[in-house]
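Engineer: Take this structure first; my questions come after.
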Amino acid sequence: SRLRPSAQTRCWFERRDPPPAILGAPMADIEGSDVEVAKEDQQNINRFSRLNLKYEELDFELIQLKKDVQTYKDATEEVEGCMEEDGIRYRVGEAYMCMAEDTVTEKLAKLIEEADSKLTTKTDEIEEVKIEMDKLKKLLYSKFKNSINLER
């Protein structure tokens, strides 16, 4: 003789009732949240995700470059205000070298110029990424409405 489970021991998915976790939600919300995702849509979502990561990396790099530029400018001001006869101690790796004030100022000016150039390049890159992200966001929100969250 086989034992048959009683009606009380059945799992929730054997019943016709919705699962307990979503009992409070109206059925229209539950049924309306199922949106079919085509392969092209999934590719767009993945592309948006990669662009978002790239945006965050570029944003971090921009912050670092701005800090570097400010540090170089502060160092330039300090060098200009310094009146050392022996020269300025300039750090190279882990060692310090005595250098003439003009030489240090030129090196700092070159570093500022390089950092500003990188800053401009990264700013252009982040703008391109932002434009592409906005296009994808508009496309995906038009299809999925509130079923997708693309906000940071």
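Ordering of the structure tokens sets the chain letters (A, B, ...), residue numbers begin anew at 1 in every chain, and ligands are numbered from 1 in the order given.
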Would you mind listing what lies within 12 Å of Lys67 of chain A as a PyMOL selection string, with only C-alpha atoms counted and same-chain residues fewer than 5 positions away left out?

Structural biologist: chain A and resi 60-62+72-74+112+115-116+119

Engineer: Write out as a list in words which residues come within 10 Å of Tyr90 of chain A when counting only C-alpha atoms, dropping same-chain ones fewer than 2 positions away.

Structural biologist: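 Residues near the query, excluding close chain neighbours: Gly87, Ile88, Val92, Gly93, Ala95, Tyr96, Met97, Cys98, Met99, Ala100, Glu101, Thr103, Val104 and Lys107 of chain A.
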
Engineer: Go through A:Asp68, A:Asp102, A:Asp134, A:Glu56 one by one, measure the shortest atom-to-atom distance of each to Cys82 of chain A using only C-alpha atoms, and give the residue with the smallest value.

Structural biologist: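 For Cys82 of chain A, the nearest of the candidates is A:Asp102.
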
Engineer: Atom CA of Tyr55 of chain A to atom CA of Ile126 of chain A: how many Å, to one decimal?

Structural biologist: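 That distance, rounded to one decimal, is 6.1 Å.
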
Engineer: Pick from A:Ile45, A:Leu58, A:Ile63, A:Leu136: nearest to Asp124 of chain A, with only C-alpha atoms counted?

Structural biologist: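 For Asp124 of chain A, the nearest of the candidates is A:Leu58.
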
Engineer: My list of candidates is A:Ala38, A:Ile148, A:Ala109, A:Leu51. Which is closest to Thr71 of chain A when distances are computed with only C-alpha atoms?

Structural biologist: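 Ranked by minimum distance to Thr71 of chain A, first place goes to A:Ala109.
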
Engineer: List every residue of segment 66-145 of chain A that DSSP, applied to the backbone of this structure, places in helix (DSSP H, G or I), and write the result as a ChimeraX atom specification.

Structural biologist: /A:66-81,101-145

Engineer: Go through A:Asp86, A:Leu65, A:Glu40, A:Arg47 and flag the residue nearest Glu132 of chain A, using only C-alpha atoms for the distances.

Structural biologist: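 Nearest candidate to Glu132 of chain A out of A:Asp86, A:Leu65, A:Glu40, A:Arg47: A:Arg47.
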